[in-house]
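What follows is the content of entry.txt (compact mmCIF, C-alpha atoms (C1' of nucleotides)).
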# COMPACT_ATOMS: atom_id res chain seq x y z
CA MET A 124 -6.96 2.95 55.05
CA ASP A 125 -3.43 1.74 54.98
CA ARG A 126 -0.84 4.29 55.82
CA ILE A 127 2.33 4.66 53.80
CA ILE A 128 5.31 6.02 55.67
CA PHE A 129 8.80 6.79 54.39
CA HIS A 130 11.87 6.79 56.57
CA ILE A 131 14.68 8.76 54.98
CA ASP A 132 18.13 8.24 56.43
CA VAL A 133 21.40 9.84 55.31
CA ASN A 134 24.12 7.27 54.68
CA ASN A 135 27.12 7.86 56.96
CA ALA A 136 25.86 11.38 57.53
CA PHE A 137 28.80 13.05 59.26
CA LEU A 138 31.35 11.40 57.02
CA SER A 139 29.44 12.11 53.79
CA TRP A 140 28.85 15.71 54.77
CA THR A 141 32.49 16.26 55.70
CA ALA A 142 33.45 14.71 52.36
CA ILE A 143 31.28 17.28 50.59
CA ASP A 144 32.68 20.10 52.70
CA LEU A 145 36.23 19.05 51.86
CA LEU A 146 35.51 18.68 48.14
CA LYS A 147 34.06 22.19 48.13
CA ARG A 148 37.27 23.45 49.69
CA GLY A 149 39.30 21.92 46.92
CA TYR A 150 40.20 18.60 48.48
CA LYS A 151 41.41 16.36 45.69
CA TYR A 152 39.70 13.15 46.67
CA ASP A 153 36.50 11.93 48.21
CA ILE A 154 37.09 10.60 51.73
CA ARG A 155 34.00 8.40 51.39
CA ASN A 156 36.19 6.09 49.29
CA SER A 157 39.13 6.01 51.67
CA TYR A 158 39.90 4.75 55.17
CA ALA A 159 38.44 7.68 57.02
CA VAL A 160 36.47 8.44 60.16
CA ILE A 161 35.00 11.49 61.81
CA GLY A 162 36.37 11.53 65.32
CA GLY A 163 36.55 13.53 68.50
CA ASP A 164 39.62 15.14 69.97
CA GLU A 165 41.90 12.77 71.83
CA LYS A 166 43.67 15.57 73.68
CA ALA A 167 40.33 16.69 75.01
CA ARG A 168 39.70 13.06 76.00
CA SER A 169 36.86 12.70 73.55
CA GLY A 170 38.61 10.45 71.09
CA ILE A 171 35.90 8.25 69.70
CA VAL A 172 34.62 7.39 66.22
CA LEU A 173 31.53 9.43 65.34
CA ALA A 174 31.16 8.14 61.78
CA LYS A 175 33.12 5.91 59.45
CA SER A 176 33.49 5.43 55.70
CA MET A 177 32.40 2.16 54.07
CA PRO A 178 36.02 1.03 53.57
CA ALA A 179 36.71 1.72 57.27
CA LYS A 180 33.58 -0.17 58.23
CA LYS A 181 34.78 -3.17 56.25
CA LEU A 182 37.82 -3.32 58.53
CA GLY A 183 35.53 -3.63 61.52
CA ILE A 184 35.67 -0.04 62.70
CA TYR A 185 32.46 0.97 64.42
CA THR A 186 30.83 4.09 65.76
CA SER A 187 31.68 4.99 69.39
CA GLU A 188 34.84 2.91 69.33
CA THR A 189 37.95 4.71 70.55
CA LEU A 190 40.19 6.18 67.89
CA TYR A 191 43.04 4.35 69.56
CA SER A 192 41.32 1.06 68.87
CA ALA A 193 40.25 2.08 65.37
CA ARG A 194 43.84 2.92 64.46
CA LYS A 195 44.95 -0.51 65.54
CA LYS A 196 42.59 -1.94 62.93
CA CYS A 197 43.80 0.42 60.24
CA LYS A 198 47.28 1.92 60.28
CA VAL A 199 46.52 4.44 57.53
CA LEU A 200 43.25 5.64 59.01
CA LYS A 201 42.56 9.34 58.54
CA VAL A 202 40.65 11.14 61.28
CA TYR A 203 38.65 14.29 60.53
CA GLN A 204 37.08 16.65 63.02
CA PRO A 205 33.32 17.13 62.99
CA ASN A 206 31.93 20.39 61.65
CA TYR A 207 28.53 20.65 63.31
CA LYS A 208 27.68 23.96 61.74
CA PHE A 209 28.06 22.52 58.26
CA TYR A 210 26.15 19.38 59.26
CA SER A 211 23.26 21.43 60.46
CA GLU A 212 23.21 23.36 57.15
CA MET A 213 23.16 20.13 55.15
CA SER A 214 20.45 18.74 57.37
CA LYS A 215 18.32 21.82 56.85
CA LYS A 216 18.77 21.59 53.08
CA LEU A 217 17.64 17.99 53.06
CA PHE A 218 14.48 18.68 55.04
CA GLU A 219 13.68 21.74 52.92
CA LEU A 220 13.96 19.61 49.80
CA LEU A 221 11.62 17.02 51.25
CA LYS A 222 9.12 19.64 52.34
CA ASN A 223 8.67 20.55 48.68
CA TYR A 224 6.83 17.26 48.35
CA SER A 225 5.00 16.98 51.64
CA PRO A 226 4.58 19.14 54.72
CA ASP A 227 4.15 15.98 56.77
CA ILE A 228 7.79 15.52 57.70
CA GLU A 229 8.81 14.45 61.18
CA ILE A 230 12.43 15.24 61.93
CA ALA A 231 13.79 12.39 64.02
CA SER A 232 17.40 13.57 64.26
CA ILE A 233 19.94 15.61 62.34
CA ASP A 234 20.13 13.01 59.57
CA GLU A 235 16.79 11.21 59.45
CA CYS A 236 13.09 11.89 59.17
CA TYR A 237 9.73 10.33 58.46
CA MET A 238 7.36 11.39 55.69
CA ASP A 239 3.66 10.58 55.59
CA TYR A 240 3.34 9.55 51.98
CA GLY A 241 -0.27 8.39 52.16
CA LYS A 242 -1.53 11.95 52.00
CA VAL A 243 0.36 12.82 48.82
CA LYS A 244 0.14 9.47 47.08
CA ASN A 245 -2.58 10.76 44.79
CA ILE A 246 -0.24 13.45 43.54
CA TYR A 247 3.01 11.52 43.16
CA GLY A 248 1.79 8.01 42.49
CA ASP A 249 3.54 4.75 43.25
CA PRO A 250 5.60 5.09 46.43
CA ILE A 251 8.49 2.94 45.28
CA GLU A 252 8.95 4.79 42.01
CA PHE A 253 8.71 8.05 43.86
CA ALA A 254 11.28 6.97 46.43
CA TYR A 255 13.81 6.19 43.70
CA LYS A 256 13.18 9.58 42.14
CA LEU A 257 13.56 11.30 45.48
CA LYS A 258 16.76 9.47 46.30
CA LYS A 259 18.26 10.49 42.95
CA GLU A 260 17.20 14.09 43.38
CA ILE A 261 18.88 14.28 46.80
CA LYS A 262 22.06 12.81 45.37
CA ASP A 263 22.07 15.12 42.32
CA ILE A 264 21.25 18.32 44.14
CA LEU A 265 22.81 17.85 47.56
CA GLY A 266 25.61 15.42 46.75
CA PHE A 267 24.99 12.65 49.27
CA THR A 268 23.08 9.39 49.30
CA VAL A 269 20.20 8.28 51.49
CA ASN A 270 18.37 5.10 52.28
CA ILE A 271 14.59 5.15 52.08
CA GLY A 272 12.42 2.67 53.94
CA ILE A 273 8.78 2.35 52.92
CA ALA A 274 6.18 0.70 55.14
CA ASN A 275 2.77 1.03 56.76
CA ASN A 276 4.11 2.58 59.96
CA LYS A 277 7.13 4.39 61.31
CA LEU A 278 8.72 1.43 63.05
CA CYS A 279 8.72 -0.72 59.92
CA ALA A 280 9.85 2.17 57.73
CA LYS A 281 12.74 2.69 60.10
CA MET A 282 13.62 -1.01 60.06
CA ALA A 283 13.40 -1.07 56.26
CA SER A 284 15.75 1.87 55.74
CA ASP A 285 18.31 -0.07 57.74
CA PHE A 286 18.22 -3.26 55.66
CA SER A 287 21.20 -2.77 53.38
CA LYS A 288 23.19 0.36 52.65
CA PRO A 289 24.02 2.69 51.03
CA ASP A 290 21.82 4.37 48.43
CA LYS A 291 18.94 1.89 48.64
CA VAL A 292 15.15 1.80 48.73
CA HIS A 293 13.53 -0.99 50.76
CA THR A 294 9.94 -1.84 51.59
CA LEU A 295 8.60 -3.58 54.67
CA PHE A 296 4.84 -3.67 54.22
CA GLU A 297 2.63 -5.59 56.62
CA THR A 298 2.53 -8.51 54.21
CA GLU A 299 6.34 -8.69 54.19
CA ILE A 300 7.02 -8.61 57.90
CA LYS A 301 7.25 -12.37 58.42
CA GLU A 302 9.47 -12.85 55.44
CA LYS A 303 11.77 -9.85 55.84
CA MET A 304 11.81 -9.01 59.52
CA TYR A 305 11.24 -12.23 61.45
CA PRO A 306 14.57 -13.82 60.43
CA LEU A 307 16.60 -10.84 61.72
CA LYS A 308 18.55 -11.04 64.96
CA ILE A 309 16.72 -9.68 67.98
CA ASP A 310 19.60 -7.22 68.37
CA ASP A 311 18.52 -5.56 65.12
CA LEU A 312 15.09 -4.58 66.37
CA PHE A 313 14.84 -0.83 66.85
CA GLY A 314 14.62 -0.18 70.58
CA ILE A 315 16.52 -3.28 71.66
CA GLY A 316 19.98 -2.29 72.74
CA LYS A 317 23.04 -4.00 74.07
CA LYS A 318 21.59 -4.50 77.55
CA THR A 319 18.26 -6.00 76.53
CA ALA A 320 19.37 -8.21 73.65
CA PRO A 321 21.40 -10.56 75.88
CA LYS A 322 18.37 -10.96 78.15
CA PHE A 323 16.33 -12.21 75.23
CA HIS A 324 19.09 -14.55 74.10
CA SER A 325 19.23 -16.07 77.55
CA LEU A 326 15.51 -16.79 77.28
CA GLY A 327 16.07 -18.59 73.98
CA ILE A 328 14.75 -15.69 71.94
CA HIS A 329 17.28 -15.06 69.20
CA THR A 330 15.34 -13.62 66.28
CA ILE A 331 12.63 -11.00 65.90
CA GLY A 332 10.31 -13.83 64.88
CA ASP A 333 11.08 -15.67 68.13
CA LEU A 334 10.00 -12.60 70.05
CA ALA A 335 6.87 -12.06 67.95
CA ASN A 336 5.78 -15.63 68.70
CA SER A 337 6.75 -15.75 72.32
CA ASN A 338 4.40 -16.13 75.24
CA ILE A 339 3.41 -12.91 76.94
CA GLU A 340 3.02 -14.40 80.42
CA TYR A 341 6.46 -15.90 80.17
CA LEU A 342 8.00 -12.58 79.10
CA SER A 343 6.07 -10.55 81.65
CA LYS A 344 7.95 -12.27 84.46
CA GLN A 345 11.11 -10.57 83.33
CA PHE A 346 9.92 -7.48 81.50
CA LYS A 347 6.69 -6.52 83.31
CA ASN A 348 4.65 -4.05 81.28
CA GLN A 349 7.34 -3.77 78.65
CA ALA A 350 6.74 -7.35 77.54
CA LEU A 351 3.71 -6.46 75.44
CA VAL A 352 5.51 -3.45 74.01
CA TYR A 353 8.38 -5.66 72.90
CA ILE A 354 6.10 -8.27 71.35
CA ASN A 355 4.20 -5.64 69.40
CA MET A 356 7.43 -4.14 68.17
CA ALA A 357 8.56 -7.55 66.98
CA LYS A 358 5.27 -8.01 65.14
CA GLY A 359 5.84 -4.69 63.45
CA ILE A 360 2.86 -3.05 65.12
CA ASP A 361 3.16 0.69 65.63
CA ASN A 362 0.38 3.25 65.56
CA ASN A 363 2.43 6.35 66.25
CA PRO A 364 1.59 9.14 63.86
CA VAL A 365 4.04 11.25 61.90
CA ILE A 366 4.24 14.49 63.84
CA SER A 367 5.36 17.37 61.70
CA GLU A 368 5.29 20.24 64.15
CA GLU A 369 8.60 21.67 65.18
CA SER A 370 9.02 20.07 68.51
CA ILE A 371 9.90 22.07 71.56
CA PRO A 372 12.47 20.23 73.63
CA ASP A 373 11.54 18.79 77.00
CA SER A 374 14.99 19.46 78.35
CA ILE A 375 18.12 21.38 77.47
CA SER A 376 21.50 20.13 78.59
CA ASN A 377 25.17 20.80 78.13
CA GLU A 378 27.93 18.62 79.46
CA THR A 379 31.62 18.63 78.93
CA THR A 380 34.44 16.20 79.48
CA LEU A 381 37.25 17.97 81.30
CA ASN A 382 40.68 17.71 79.78
CA ARG A 383 41.84 16.17 83.06
CA ASP A 384 40.10 14.91 86.17
CA ILE A 385 39.44 17.84 88.47
CA ASN A 386 38.71 17.87 92.17
CA ASN A 387 39.17 21.55 92.83
CA LYS A 388 35.84 23.05 93.81
CA LEU A 389 36.47 26.55 92.52
CA GLU A 390 37.65 25.22 89.22
CA LEU A 391 34.52 23.08 88.91
CA TYR A 392 32.44 26.17 89.72
CA GLN A 393 34.00 27.88 86.71
CA TYR A 394 32.70 25.11 84.52
CA LEU A 395 29.28 25.39 86.10
CA LEU A 396 29.29 29.08 85.24
CA ALA A 397 30.22 28.43 81.64
CA LEU A 398 27.59 25.70 81.38
CA SER A 399 24.95 27.94 82.99
CA GLU A 400 25.76 30.50 80.38
CA SER A 401 25.42 28.13 77.44
CA VAL A 402 22.19 26.41 78.56
CA GLY A 403 20.89 29.83 79.56
CA ILE A 404 21.33 31.21 76.06
CA ARG A 405 19.58 28.19 74.60
CA ILE A 406 16.60 28.25 76.93
CA ARG A 407 16.11 31.99 76.43
CA LYS A 408 16.11 31.40 72.71
CA GLN A 409 13.24 28.97 73.23
CA LYS A 410 11.48 31.54 75.40
CA LYS A 411 11.11 28.88 78.08
CA TYR A 412 11.69 28.65 81.80
CA ALA A 413 13.17 25.68 83.61
CA SER A 414 11.43 24.33 86.67
CA VAL A 415 14.12 21.75 87.39
CA ILE A 416 17.88 22.20 87.35
CA ALA A 417 20.07 19.12 87.40
CA VAL A 418 23.80 18.71 87.68
CA ILE A 419 25.49 15.74 86.05
CA LEU A 420 28.85 14.39 87.20
CA LYS A 421 30.91 11.54 85.85
CA ASP A 422 33.84 10.24 87.85
CA ARG A 423 37.04 8.68 86.62
CA TYR A 424 35.42 5.26 86.61
CA PHE A 425 32.76 6.58 84.21
CA LYS A 426 30.09 6.36 86.84
CA ARG A 427 27.45 9.02 86.19
CA ARG A 428 25.42 10.63 88.90
CA THR A 429 22.72 13.26 88.73
CA HIS A 430 21.21 15.43 91.35
CA GLN A 431 18.46 17.93 90.79
CA LYS A 432 16.40 20.62 92.37
CA LYS A 433 12.85 21.60 91.68
CA LEU A 434 12.31 25.35 91.67
CA ILE A 435 9.37 27.21 93.04
CA ASN A 436 10.02 29.92 90.50
CA PRO A 437 11.11 28.62 87.10
CA THR A 438 14.01 30.56 85.64
CA ASN A 439 15.99 31.21 82.49
CA ILE A 440 18.44 33.66 83.98
CA THR A 441 22.09 32.66 83.78
CA SER A 442 23.02 33.95 87.21
CA GLU A 443 20.15 32.05 88.83
CA ILE A 444 20.95 28.87 86.94
CA TYR A 445 24.52 29.23 88.13
CA GLU A 446 23.64 29.84 91.77
CA ILE A 447 21.23 26.89 91.90
CA SER A 448 23.59 24.57 90.06
CA LYS A 449 26.26 25.41 92.63
CA GLU A 450 23.86 24.48 95.44
CA VAL A 451 22.94 21.23 93.73
CA PHE A 452 26.58 20.48 93.09
CA ASP A 453 27.53 21.14 96.73
CA GLU A 454 24.88 18.70 97.88
CA MET A 455 26.09 15.89 95.68
CA TRP A 456 29.83 16.27 95.31
CA GLU A 457 31.89 13.99 97.51
CA CYS A 458 35.23 15.60 96.67
CA GLU A 459 35.97 12.89 94.14
CA PRO A 460 37.88 13.81 90.97
CA ILE A 461 35.46 14.67 88.19
CA ARG A 462 35.82 13.64 84.57
CA LEU A 463 32.68 15.23 83.17
CA ILE A 464 30.37 17.92 84.42
CA GLY A 465 27.04 19.05 83.00
CA ILE A 466 23.85 20.96 83.62
CA ARG A 467 20.38 19.97 82.49
CA LEU A 468 17.38 22.27 82.47
CA ASP A 469 14.24 20.22 82.80
CA GLY A 470 10.52 20.71 83.24
CA LEU A 471 10.54 23.49 80.66
CA MET A 472 7.50 25.72 80.67
CA ASP A 473 6.19 28.90 79.13
CA ASN A 474 5.40 30.14 82.48
CA LEU A 475 5.24 33.54 83.59
CA TYR A 476 3.64 33.16 86.85
CA PHE A 477 6.16 33.95 89.52
CA GLN A 478 5.56 33.71 93.18
CA THR A 479 7.24 36.87 94.26
CA SER A 480 8.32 36.37 97.81
CA LEU A 481 8.09 39.11 100.35
CA PHE A 482 11.81 39.53 100.16
CA GLU A 483 12.20 39.44 96.43
CA ASP A 484 11.55 42.37 94.22
CA GLY A 485 9.82 41.24 91.03
CA ASN A 486 11.16 44.28 89.19
CA ILE A 487 14.72 43.22 89.75
CA ARG A 488 13.93 39.96 88.06
CA ASP A 489 12.40 41.65 85.03
CA GLU A 490 15.38 43.94 84.74
CA GLN A 491 17.72 40.98 84.92
CA GLU A 492 15.84 39.26 82.12
CA GLN A 493 16.00 42.34 79.94
CA ILE A 494 19.72 42.72 80.49
CA GLU A 495 20.34 39.12 79.50
CA ALA A 496 18.18 39.50 76.40
CA VAL A 497 20.31 42.44 75.29
CA ILE A 498 23.50 40.49 75.94
CA ASP A 499 22.20 37.51 73.97
CA ASP A 500 21.42 39.77 71.03
CA LEU A 501 24.88 41.31 71.08
CA LYS A 502 26.47 37.92 71.20
CA GLU A 503 24.44 36.72 68.30
CA LYS A 504 25.47 39.76 66.28
CA TYR A 505 29.11 40.02 67.18
CA GLY A 506 30.04 36.56 68.29
CA TYR A 507 30.37 34.99 71.67
CA LYS A 508 33.78 36.34 72.43
CA ILE A 509 32.73 39.94 72.69
CA ILE A 510 31.01 39.72 76.03
CA LYS A 511 32.06 37.57 78.90
CA LYS A 512 30.94 37.40 82.41
CA ALA A 513 33.72 37.92 84.89
CA GLY A 514 35.18 34.60 85.82
CA LEU A 515 34.02 32.77 82.75
CA ILE A 516 36.78 30.63 81.48
CA GLU A 517 37.94 30.75 77.95
CA ASN A 518 36.63 28.44 75.28
CA LYS A 519 35.93 25.54 77.53
CA ILE A 520 32.34 24.97 76.69
CA ARG A 521 31.14 24.71 73.17
CA HIS A 522 28.15 26.89 72.52
CA LYS A 523 25.59 25.04 70.51
CA GLU A 524 24.38 27.39 67.78
C1' DT B 44 46.65 10.06 73.78
C1' DC B 45 41.42 4.89 76.10
C1' DT B 46 36.06 5.29 76.40
C1' DG B 47 31.32 12.21 73.40
C1' DG B 48 27.25 14.91 73.79
C1' DG B 49 22.41 15.72 73.32
C1' DG B 50 18.25 13.94 73.85
C1' DT B 51 13.74 10.74 75.20
C1' DC B 52 11.28 7.46 77.82
C1' DC B 53 10.62 4.21 81.60
C1' DT B 54 10.93 2.37 86.36
C1' DA B 55 11.37 2.14 91.20
C1' DG B 56 11.22 4.00 95.60
C1' DG B 57 10.15 7.52 99.04
C1' DA B 58 7.21 11.27 100.81
C1' DC B 59 2.88 12.84 101.47
C1' DC B 60 -2.10 13.12 101.45
C1' DC B 61 -6.75 11.28 101.85
C1' DT C 132 -2.75 -0.25 119.03
C1' DC C 133 -4.11 -3.76 114.23
C1' DT C 134 -3.02 -2.32 109.70
C1' DG C 135 -4.83 -0.22 104.46
C1' DG C 136 -4.36 1.29 99.82
C1' DG C 137 -4.66 4.57 96.10
C1' DG C 138 -2.92 8.62 93.92
C1' DT C 139 0.41 12.10 92.99
C1' DC C 140 4.71 14.31 93.07
C1' DC C 141 9.52 14.07 93.17
C1' DT C 142 14.11 12.02 92.58
C1' DA C 143 17.76 8.94 90.78
C1' DG C 144 19.18 5.90 87.62
C1' DG C 145 19.01 2.97 83.54
C1' DA C 146 18.27 1.92 78.64
C1' DC C 147 18.18 3.46 74.22
C1' DC C 148 18.85 6.35 70.09
C1' DC C 149 21.72 9.20 66.78
Could you render the structure as structure tokens?
Amino acid sequence: MDRIIFHIDVNNAFLSWTAIDLLKRGYKYDIRNSYAVIGGDEKARSGIVLAKSMPAKKLGIYTSETLYSARKKCKVLKVYQPNYKFYSEMSKKLFELLKNYSPDIEIASIDECYMDYGKVKNIYGDPIEFAYKLKKEIKDILGFTVNIGIANNKLCAKMASDFSKPDKVHTLFETEIKEKMYPLKIDDLFGIGKKTAPKFHSLGIHTIGDLANSNIEYLSKQFKNQALVYINMAKGIDNNPVISEESIPDSISNETTLNRDINNKLELYQYLLALSESVGIRIRKQKKYASVIAVILKDRYFKRRTHQKKLINPTNITSEIYEISKEVFDEMWECEPIRLIGIRLDGLMDNLYFQTSLFEDGNIRDEQEQIEAVIDDLKEKYGYKIIKKAGLIENKIRHKE
DNA sequence: TCTGGGGTCCTAGGACCC
DNA sequence: TCTGGGGTCCTAGGACCC
């Protein structure tokens, strides 16, 4: 039986949602119709475009471009700060609305998801008609537009929702792949980024159709096992199911760009402490334990390095995360000035089997965990500012939720 | 006042064991 | 005293996505 999959994608999510937020607060005009972008904070050295309005896009402004460069393209450009809390509320509302129609929703990111329509087709009828209805309902109730791609698998649904924007429904059924997808540039294929696309061009493969029809042996020389994966993608073959379960993350990370390059060890330790705190809160919320702790550094030349340590006893205790991250940091840091520092908790597990060493008292560990649980609760109730570990610097690290 | 942050997946190489 | 290979675990880095 043929599957029918929807890919639902919010148009200019951050910008649209900020527009709605501003209108609610009495803003007199809709920034979606003006030269506007959502951007980072230049003073904090995070000044890049996160989302742009259609008029800004028409001037050639693109996501991830520096605000400095965007302003050169548009003298009257308005820059708005992101409001992640509001975004996450809007995102939740969208997915709740969709779940009224089908429980088979796979959340792909804050502003996009897949829906397995095949299972509810008997109830709602023709997928295209339904998609138009759905799109209108989202616009009427939530106030923003979406694109909906309809296809026989997730990859094609995703490609279809990207065809032309905004506020559109597109199909890319198996029978339409040659006509609608083969003529597109190889760069437009989902999964081909700015490193891989040039490699294909240099092999004379310029369109998705070129890739679909190319010789596997020839491609294998350069791409090894990935060659077949790429060819299948180009042919629009994808058997991945829509997975509706709330997914538990494989890793939890926090990183922060420092407001200036720092090469003072004690100062960098302060950031490690703050980061340990914020990833610690998040992992405890998941009721998980990390078996790997990694430290991420970026130097002034934007070169990233990671170094990690595998733990015999997985942990979710802030003080342990901090101590281990310091060790890892000491092993890797070559006294160079640091632009960005981060911590990643990896190898997350439910765990609960600890190898208590002869010298470690298991009870102390339990007590520590209980203390942190109480602190987390208090913070949730009264805000993060109420309790601070000694030495934790003010407001440097954003706590995610 | 020039270049974010949070993820996932894949690969390659080294260590180690049989 | 000539030369294995397979499997697994671990680490670092790269590519990609939103």
Chain A contacts to chain B at 9 Å (only C-alpha atoms (C1' of nucleotides)) as a PyMOL selection string: chain A and resi 163+165-166+168-171+173+187-192+372-380+425
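The interatomic distance for the pair CA of Met282 in chain A and CA of Phe209 in chain A works out to 27.7 Å.
The neighbours of Val243 in chain A here are the residues that come within 12 Å of it, using all atoms listed in the file and leaving out any residue fewer than 3 positions away in the same chain; they are Arg126, Ile127, Ile128, Phe129, Lys222, Asn223, Tyr224, Ser225, Pro226, Asp227, Ile228, Met238, Asp239, Tyr240, Ile246, Tyr247, Gly248, Asp249, Pro250 and Phe253 of chain A.
In this structure, CA of Lys308 in chain A sits 10.8 Å away from CA of Ala357 in chain A.
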Pick out the residues sitting within 12 Å of Glu212 in chain A, and hand them over as a PyMOL selection string; count all atoms listed in the file, and ignore anything fewer than 2 positions along from it in its own chain. chain A and resi 137+140-141+144+206-210+214-219+233-234+265+524
Dump as an mmCIF file, in the frame of the given file, selection limited to C-alpha atoms:
data_model
loop_
_atom_site.group_PDB
_atom_site.id
_atom_site.type_symbol
_atom_site.label_atom_id
_atom_site.label_comp_id
_atom_site.auth_asym_id
_atom_site.auth_seq_id
_atom_site.Cartn_x
_atom_site.Cartn_y
_atom_site.Cartn_z
ATOM 1 C CA PHE A 137 28.800 13.050 59.260
ATOM 2 C CA TRP A 140 28.850 15.710 54.770
ATOM 3 C CA THR A 141 32.490 16.260 55.700
ATOM 4 C CA ASP A 144 32.680 20.100 52.700
ATOM 5 C CA ASN A 206 31.930 20.390 61.650
ATOM 6 C CA TYR A 207 28.530 20.650 63.310
ATOM 7 C CA LYS A 208 27.680 23.960 61.740
ATOM 8 C CA PHE A 209 28.060 22.520 58.260
ATOM 9 C CA TYR A 210 26.150 19.380 59.260
ATOM 10 C CA SER A 214 20.450 18.740 57.370
ATOM 11 C CA LYS A 215 18.320 21.820 56.850
ATOM 12 C CA LYS A 216 18.770 21.590 53.080
ATOM 13 C CA LEU A 217 17.640 17.990 53.060
ATOM 14 C CA PHE A 218 14.480 18.680 55.040
ATOM 15 C CA GLU A 219 13.680 21.740 52.920
ATOM 16 C CA ILE A 233 19.940 15.610 62.340
ATOM 17 C CA ASP A 234 20.130 13.010 59.570
ATOM 18 C CA LEU A 265 22.810 17.850 47.560
ATOM 19 C CA GLU A 524 24.380 27.390 67.780
#
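Take CA of Ile300 in chain A and CA of Ile328 in chain A: the distance between them is 17.5 Å.
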Centre and edge lengths, as AutoDock Vina command-line options, for the axis-aligned box enclosing every listed atom of range 310-321 of chain A with 6 Å of padding on each of the six sides, in Å to one decimal?
--center_x 18.8 --center_y -5.4 --center_z 71.3 --size_x 20.4 --size_y 22.4 --size_z 24.4
